[in-house]
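Shown here: work06.cif, mmCIF, C-alpha atoms.
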```
data_upload
loop_
_atom_site.label_atom_id
_atom_site.label_comp_id
_atom_site.auth_asym_id
_atom_site.auth_seq_id
_atom_site.Cartn_x
_atom_site.Cartn_y
_atom_site.Cartn_z
CA MET A 1 -26.07 -2.57 -2.31
CA PHE A 2 -22.63 -1.10 -1.51
CA LYS A 3 -21.16 -4.59 -1.10
CA LYS A 4 -22.65 -5.69 -4.43
CA ILE A 5 -21.19 -2.69 -6.23
CA LEU A 6 -17.76 -3.21 -4.64
CA ASP A 7 -17.84 -6.90 -5.54
CA ALA A 8 -18.71 -5.97 -9.13
CA ARG A 9 -15.73 -3.62 -9.29
CA ILE A 10 -13.42 -6.29 -7.90
CA ALA A 11 -14.77 -8.79 -10.43
CA ASP A 12 -14.02 -6.25 -13.17
CA LEU A 13 -10.49 -5.91 -11.78
CA TRP A 14 -9.96 -9.66 -12.13
CA ASN A 15 -11.53 -9.82 -15.58
CA LEU A 16 -9.32 -6.97 -16.81
CA TYR A 17 -6.28 -8.72 -15.35
CA GLU A 18 -7.10 -11.87 -17.30
CA ALA A 19 -7.98 -9.94 -20.46
CA THR A 20 -4.59 -8.18 -20.52
CA GLY A 21 -2.58 -11.27 -19.68
CA GLU A 22 -1.27 -11.63 -23.24
CA LEU A 23 0.42 -8.22 -23.30
CA ALA A 24 4.09 -8.75 -24.09
CA HIS A 25 5.43 -5.51 -22.54
CA PRO A 26 5.96 -6.13 -18.79
CA GLY A 27 6.10 -2.43 -17.96
CA GLU A 28 2.73 -1.65 -19.52
CA LYS A 29 1.26 -4.77 -17.99
CA GLY A 30 2.45 -3.69 -14.54
CA LEU A 31 1.01 -0.19 -14.96
CA LEU A 32 -2.35 -1.63 -15.91
CA ARG A 33 -2.33 -3.91 -12.83
CA GLU A 34 -1.79 -0.85 -10.64
CA LEU A 35 -4.48 1.11 -12.48
CA PHE A 36 -7.06 -1.65 -11.94
CA LEU A 37 -6.47 -1.70 -8.18
CA ARG A 38 -6.26 2.10 -7.96
CA ARG A 39 -9.77 2.41 -9.39
CA VAL A 40 -11.18 0.04 -6.78
CA LEU A 41 -9.45 1.90 -3.93
CA GLU A 42 -10.61 5.29 -5.17
CA SER A 43 -14.20 4.03 -5.30
CA VAL A 44 -14.29 3.29 -1.55
CA LEU A 45 -12.23 6.19 -0.17
CA PRO A 46 -13.80 9.46 1.05
CA PRO A 47 -12.62 12.65 -0.68
CA GLN A 48 -10.08 13.63 1.99
CA PHE A 49 -7.89 10.70 0.94
CA GLY A 50 -6.04 10.38 -2.35
CA VAL A 51 -4.39 7.49 -4.19
CA GLY A 52 -1.08 8.00 -5.94
CA SER A 53 2.19 6.36 -6.93
CA GLY A 54 5.76 7.55 -6.89
CA VAL A 55 8.31 8.36 -4.21
CA VAL A 56 7.90 9.24 -0.53
CA VAL A 57 10.36 11.76 0.92
CA ASP A 58 11.01 13.19 4.37
CA LYS A 59 12.27 16.54 5.63
CA TRP A 60 15.87 15.31 5.64
CA GLU A 61 15.75 14.35 1.94
CA ARG A 62 15.60 10.63 2.56
CA GLN A 63 13.66 8.83 -0.15
CA SER A 64 11.63 5.66 -0.39
CA SER A 65 11.86 3.12 -3.16
CA GLN A 66 9.42 3.52 -6.07
CA ILE A 67 5.95 2.96 -4.57
CA ASP A 68 3.35 1.26 -6.77
CA LEU A 69 0.33 2.65 -4.90
CA LEU A 70 -0.05 4.77 -1.79
CA VAL A 71 -2.93 6.34 0.09
CA TYR A 72 -2.30 9.84 1.41
CA ASP A 73 -4.20 12.39 3.46
CA LYS A 74 -5.09 15.49 1.46
CA ARG A 75 -5.62 17.45 4.70
CA ARG A 76 -1.96 17.19 5.69
CA VAL A 77 1.02 18.41 3.69
CA PRO A 78 0.09 18.16 -0.03
CA PRO A 79 2.20 16.31 -2.61
CA PHE A 80 5.28 18.32 -3.55
CA LEU A 81 4.71 17.36 -7.16
CA GLU A 82 1.91 15.32 -8.69
CA GLU A 83 0.81 14.78 -12.26
CA ASN A 84 -1.83 12.25 -13.29
CA GLY A 85 -1.63 10.50 -9.94
CA HIS A 86 2.15 10.12 -9.99
CA GLY A 87 4.44 12.25 -7.89
CA ILE A 88 6.51 13.02 -4.80
CA TYR A 89 4.70 12.67 -1.46
CA PRO A 90 5.75 13.95 1.99
CA MET A 91 6.12 11.23 4.62
CA ASP A 92 3.77 13.06 7.01
CA SER A 93 0.83 12.59 4.61
CA VAL A 94 1.31 8.95 3.55
CA LEU A 95 -0.97 6.50 5.36
CA ARG A 96 -0.80 3.27 3.32
CA VAL A 97 1.69 1.73 0.90
CA ILE A 98 0.97 -1.14 -1.51
CA GLU A 99 3.31 -3.11 -3.72
CA VAL A 100 1.32 -4.51 -6.67
CA LYS A 101 2.51 -7.73 -8.31
CA SER A 102 1.21 -9.65 -11.30
CA ASP A 103 2.97 -12.77 -10.02
CA LEU A 104 4.44 -12.80 -6.52
CA THR A 105 7.90 -14.39 -6.42
CA LYS A 106 10.58 -14.69 -3.77
CA ARG A 107 12.44 -11.85 -5.47
CA GLY A 108 9.27 -9.76 -5.24
CA LEU A 109 9.10 -10.43 -1.50
CA GLU A 110 12.74 -9.41 -1.12
CA GLN A 111 12.13 -6.15 -3.01
CA ALA A 112 9.08 -5.41 -0.87
CA LYS A 113 11.08 -6.00 2.30
CA ILE A 114 13.65 -3.38 1.23
CA SER A 115 10.90 -0.91 0.33
CA PHE A 116 8.91 -1.44 3.53
CA TRP A 117 11.94 -1.28 5.84
CA LEU A 118 12.60 2.29 4.70
CA LEU A 119 9.17 3.22 6.12
CA ASN A 120 9.52 1.37 9.41
CA PRO A 121 9.84 3.61 12.51
CA GLU A 122 12.33 1.13 13.99
CA ASN A 123 14.76 1.79 11.14
CA GLU A 124 17.17 4.49 12.33
CA ASP A 125 18.13 5.23 8.73
CA GLY A 126 14.58 5.17 7.42
CA LEU A 127 12.18 8.00 6.63
CA LYS A 128 10.90 10.02 9.60
CA MET A 129 7.98 12.33 10.28
CA ALA A 130 8.87 16.02 10.23
CA ALA A 131 6.31 16.95 12.89
CA ALA A 132 5.62 15.43 16.29
CA GLY A 133 2.49 13.31 16.31
CA ASN A 134 -0.59 13.24 18.52
CA LEU A 135 0.21 9.96 20.29
CA SER A 136 2.14 9.66 23.53
CA GLU A 137 5.67 11.08 23.45
CA GLY A 138 4.92 12.79 20.13
CA ARG A 139 4.68 9.53 18.21
CA SER A 140 2.44 8.90 15.20
CA TYR A 141 1.44 5.83 13.25
CA TYR A 142 3.70 5.10 10.28
CA PRO A 143 2.28 3.82 6.96
CA LEU A 144 0.76 0.36 6.97
CA CYS A 145 2.39 -1.67 4.18
CA GLY A 146 0.95 -4.44 2.07
CA ILE A 147 1.40 -6.52 -1.07
CA PHE A 148 -1.43 -7.15 -3.51
CA SER A 149 -0.72 -9.86 -6.07
CA TYR A 150 -2.96 -11.25 -8.78
CA SER A 151 -1.22 -14.64 -8.72
CA SER A 152 1.80 -16.50 -7.41
CA GLY A 153 3.67 -19.66 -8.26
CA LEU A 154 5.03 -19.92 -4.71
CA ALA A 155 3.90 -23.14 -3.08
CA ASP A 156 4.40 -21.97 0.50
CA ILE A 157 4.28 -18.21 0.92
CA PRO A 158 4.76 -18.16 4.72
CA SER A 159 7.98 -20.17 4.45
CA LYS A 160 9.32 -17.83 1.77
CA ILE A 161 8.52 -14.82 3.97
CA ALA A 162 10.33 -16.53 6.85
CA GLU A 163 13.33 -17.27 4.60
CA ILE A 164 13.91 -13.59 3.93
CA GLY A 165 13.39 -12.67 7.59
CA GLY A 166 9.96 -11.04 7.31
CA LEU A 167 8.79 -8.14 5.20
CA GLY A 168 10.47 -5.29 7.05
CA ALA A 169 7.17 -3.63 8.00
CA THR A 170 4.94 -3.29 11.05
CA ASN A 171 1.95 -5.65 10.66
CA PRO A 172 2.37 -6.18 6.89
CA MET A 173 -0.42 -7.77 4.86
CA VAL A 174 -0.10 -9.89 1.73
CA CYS A 175 -3.05 -10.67 -0.53
CA VAL A 176 -2.63 -13.23 -3.30
CA LEU A 177 -5.87 -13.74 -5.18
CA LYS A 178 -6.91 -17.42 -5.20
CA LYS A 179 -4.43 -18.14 -2.35
CA GLY A 180 -5.69 -15.89 0.43
CA VAL A 181 -4.51 -13.15 2.76
CA PHE A 182 -1.42 -13.47 4.95
CA PHE A 183 -0.77 -11.52 8.18
CA LYS A 184 2.07 -11.02 10.64
CA ASN A 185 4.84 -11.97 8.22
CA GLY A 186 2.98 -15.10 7.17
CA GLU A 187 2.20 -16.43 10.64
CA SER A 188 -1.56 -16.05 10.03
CA HIS A 189 -3.36 -17.00 6.84
CA ILE A 190 -7.00 -16.90 5.72
CA CYS A 191 -8.18 -18.76 2.61
CA PHE A 192 -11.18 -17.66 0.55
CA GLN A 193 -13.49 -19.32 -1.94
CA GLY A 194 -12.84 -16.81 -4.70
CA VAL A 195 -10.85 -13.77 -5.76
CA VAL A 196 -13.67 -11.33 -4.93
CA ASP A 197 -13.84 -12.46 -1.29
CA ALA A 198 -10.06 -12.30 -0.90
CA ALA A 199 -9.75 -8.84 -2.44
CA ARG A 200 -12.72 -7.47 -0.48
CA PHE A 201 -11.27 -8.75 2.80
CA PHE A 202 -7.84 -7.29 2.05
CA ILE A 203 -9.24 -3.87 1.11
CA ASN A 204 -11.55 -3.83 4.13
CA VAL A 205 -8.89 -4.67 6.71
CA PHE A 206 -6.14 -2.66 5.04
CA LEU A 207 -8.20 0.53 5.03
CA THR A 208 -10.23 0.09 8.23
CA GLU A 209 -7.95 2.08 10.55
CA LEU A 210 -7.11 4.72 7.96
CA GLU A 211 -8.63 7.59 9.95
CA ALA A 212 -6.84 6.45 13.11
CA THR A 213 -3.52 6.64 11.26
CA ALA A 214 -4.42 10.10 9.95
CA SER A 215 -5.53 11.34 13.38
CA SER A 216 -2.19 10.34 14.87
CA ARG A 217 -0.48 12.93 12.64
CA LYS A 218 -0.18 16.65 13.27
CA PRO A 219 -2.72 18.83 11.37
CA TYR A 220 -1.72 20.76 8.26
CA SER A 221 1.43 22.81 8.77
CA LEU A 222 4.29 23.76 6.46
CA ILE A 223 6.56 25.26 9.09
CA GLU A 224 8.48 22.02 9.70
CA TRP A 225 9.14 21.62 5.97
CA LEU A 226 9.92 25.22 5.04
#
```

For this file, produce the structure as structure tokens.
Amino acid sequence: MFKKILDARIADLWNLYEATGELAHPGEKGLLRELFLRRVLESVLPPQFGVGSGVVVDKWERQSSQIDLLVYDKRRVPPFLEENGHGIYPMDSVLRVIEVKSDLTKRGLEQAKISFWLLNPENEDGLKMAAAGNLSEGRSYYPLCGIFSYSSGLADIPSKIAEIGGLGATNPMVCVLKKGVFFKNGESHICFQGVVDAARFFINVFLTELEATASSRKPYSLIEWL
């Protein structure tokens, strides 16, 4: 039954996408695309996790790019500011980051690469955790990044990802409805019969290790931030 309900919600997401396709204002159209996906994510997440959009910051006042959707852990440091699901989120609480696209283009891939690189632990100038983590040597898992796109005119997505030198993230995922899900900077690709199967697979894999990411972080504490 759970699978049927989730599939129905994903089908609604696609139907709403098509129904709002004639909107002329790109900003409003983009916000609606994010809202559709947000509702699906919220329906499958337990209450300790929240879905928001906005900016991620770290203790040293470094900032991310504008994030379309993110999943954060309510048990860690709370959002510094949040109103109607939009706000400023501490790096130590953010577990997943999603760029939402109506139509994935090469420029969209380039923008995602810049955004994701800021959240990559290998980037010396990127955002860092304020507290030591629970993994070896005080490490913790950084946010898993992904792109969710309703469509794309790109003929060969893996080659376009290779052209820009990858997506700047650790194990990024790209879902383009009707084209499939791409892994490992385009090196792996799975096709699906329909948009529901593709979206369900993306959501399932993208969120599967959510608790493992959360458990790698230090429990609630404000001392590092204040």

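Counting only C-alpha atoms and comparing A:Glu187, A:Asp103, A:Glu34, A:Glu110, the residue that lies closest to Leu154 (chain A) is A:Asp103.
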
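Counting from CA of Val176 (chain A), the distance to CA of Ser149 (chain A) is 4.8 Å.
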
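Once the PyMOL selection byres ((chain A and resi 221) around 12) is applied to the shown structure, the selection contains Arg75, Arg76, Val77, Pro78, Pro90, Asp92, Ser93, Ala130, Ala131, Ala132, Arg217, Lys218, Pro219, Tyr220, Leu222, Ile223, Glu224, Trp225 and Leu226 of chain A.
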
Limited to C-alpha atoms, could you put the picked residues into a file as a PDB file, in the coordinates of the input?
```pdb
ATOM      1  CA  ARG A  75      -5.620  17.450   4.700  1.00  0.00           C
ATOM      2  CA  ARG A  76      -1.960  17.190   5.690  1.00  0.00           C
ATOM      3  CA  VAL A  77       1.020  18.410   3.690  1.00  0.00           C
ATOM      4  CA  PRO A  78       0.090  18.160  -0.030  1.00  0.00           C
ATOM      5  CA  PRO A  90       5.750  13.950   1.990  1.00  0.00           C
ATOM      6  CA  ASP A  92       3.770  13.060   7.010  1.00  0.00           C
ATOM      7  CA  SER A  93       0.830  12.590   4.610  1.00  0.00           C
ATOM      8  CA  ALA A 130       8.870  16.020  10.230  1.00  0.00           C
ATOM      9  CA  ALA A 131       6.310  16.950  12.890  1.00  0.00           C
ATOM     10  CA  ALA A 132       5.620  15.430  16.290  1.00  0.00           C
ATOM     11  CA  ARG A 217      -0.480  12.930  12.640  1.00  0.00           C
ATOM     12  CA  LYS A 218      -0.180  16.650  13.270  1.00  0.00           C
ATOM     13  CA  PRO A 219      -2.720  18.830  11.370  1.00  0.00           C
ATOM     14  CA  TYR A 220      -1.720  20.760   8.260  1.00  0.00           C
ATOM     15  CA  LEU A 222       4.290  23.760   6.460  1.00  0.00           C
ATOM     16  CA  ILE A 223       6.560  25.260   9.090  1.00  0.00           C
ATOM     17  CA  GLU A 224       8.480  22.020   9.700  1.00  0.00           C
ATOM     18  CA  TRP A 225       9.140  21.620   5.970  1.00  0.00           C
ATOM     19  CA  LEU A 226       9.920  25.220   5.040  1.00  0.00           C
TER      20      LEU A 226
END
```

When the PyMOL selection byres ((chain A and resi 200-211) around 8) is applied to the structure above, which residues does it catch, written out as a CSV table (one decimal) with C-alpha atoms, in the frame of the given file?
```
chain,number,residue,atom,x,y,z
A,6,LEU,CA,-17.8,-3.2,-4.6
A,7,ASP,CA,-17.8,-6.9,-5.5
A,10,ILE,CA,-13.4,-6.3,-7.9
A,41,LEU,CA,-9.4,1.9,-3.9
A,95,LEU,CA,-1.0,6.5,5.4
A,96,ARG,CA,-0.8,3.3,3.3
A,144,LEU,CA,0.8,0.4,7.0
A,146,GLY,CA,1.0,-4.4,2.1
A,173,MET,CA,-0.4,-7.8,4.9
A,175,CYS,CA,-3.0,-10.7,-0.5
A,181,VAL,CA,-4.5,-13.2,2.8
A,196,VAL,CA,-13.7,-11.3,-4.9
A,197,ASP,CA,-13.8,-12.5,-1.3
A,198,ALA,CA,-10.1,-12.3,-0.9
A,199,ALA,CA,-9.8,-8.8,-2.4
A,212,ALA,CA,-6.8,6.4,13.1
A,213,THR,CA,-3.5,6.6,11.3
A,214,ALA,CA,-4.4,10.1,10.0
A,215,SER,CA,-5.5,11.3,13.4
```

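Here CA of Pro143 (chain A) is placed at a distance of 20.5 Å from CA of Ser43 (chain A).
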
Using only C-alpha atoms, the best pick from A:Met91, A:Leu81, A:Val100, A:Cys191 as closest to Ala112 (chain A) would be A:Val100

Report as a VMD selection string all protein, DNA and RNA residues lying within 8 Å of region 159-163 of chain A, evaluated on only C-alpha atoms, omitting residues in the same chain fewer than 2 positions from it.
chain A and resid 106 109 156 to 157 165 to 167 185 to 186

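Around Asp125 (chain A), within 12 Å and counting only C-alpha atoms, the residues found are Asp58, Trp60, Glu61, Arg62, Gln63, Ser64, Trp117, Leu118, Leu119, Asn120, Pro121, Glu122 and Lys128 of chain A, once anything fewer than 3 positions away on its own chain is removed.
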
**Study point:** Selection result for the PyMOL selection byres ((chain A and resi 70) around 7) on this file, as a list in words
**Key:** Val51, Gly52, Ser53, Ile67, Asp68, Leu69, Val71, Tyr72, Val94, Arg96, Val97 and Ile98 of chain A

Once you have the residues from the selection above, write them out as a PDB file, in the frame of the given file, restricted to C-alpha atoms.
```
ATOM      1  CA  VAL A  51      -4.390   7.490  -4.190  1.00  0.00           C
ATOM      2  CA  GLY A  52      -1.080   8.000  -5.940  1.00  0.00           C
ATOM      3  CA  SER A  53       2.190   6.360  -6.930  1.00  0.00           C
ATOM      4  CA  ILE A  67       5.950   2.960  -4.570  1.00  0.00           C
ATOM      5  CA  ASP A  68       3.350   1.260  -6.770  1.00  0.00           C
ATOM      6  CA  LEU A  69       0.330   2.650  -4.900  1.00  0.00           C
ATOM      7  CA  VAL A  71      -2.930   6.340   0.090  1.00  0.00           C
ATOM      8  CA  TYR A  72      -2.300   9.840   1.410  1.00  0.00           C
ATOM      9  CA  VAL A  94       1.310   8.950   3.550  1.00  0.00           C
ATOM     10  CA  ARG A  96      -0.800   3.270   3.320  1.00  0.00           C
ATOM     11  CA  VAL A  97       1.690   1.730   0.900  1.00  0.00           C
ATOM     12  CA  ILE A  98       0.970  -1.140  -1.510  1.00  0.00           C
TER      13      ILE A  98
END
```

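The interatomic distance for the pair CA of Gly194 (chain A) and CA of Pro172 (chain A) works out to 21.9 Å.
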
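If all atoms listed in the file are the atoms counted, then among A:Ile114, A:Leu16, A:Ala155, A:Leu135 the closest residue to Leu35 (chain A) is A:Leu16.
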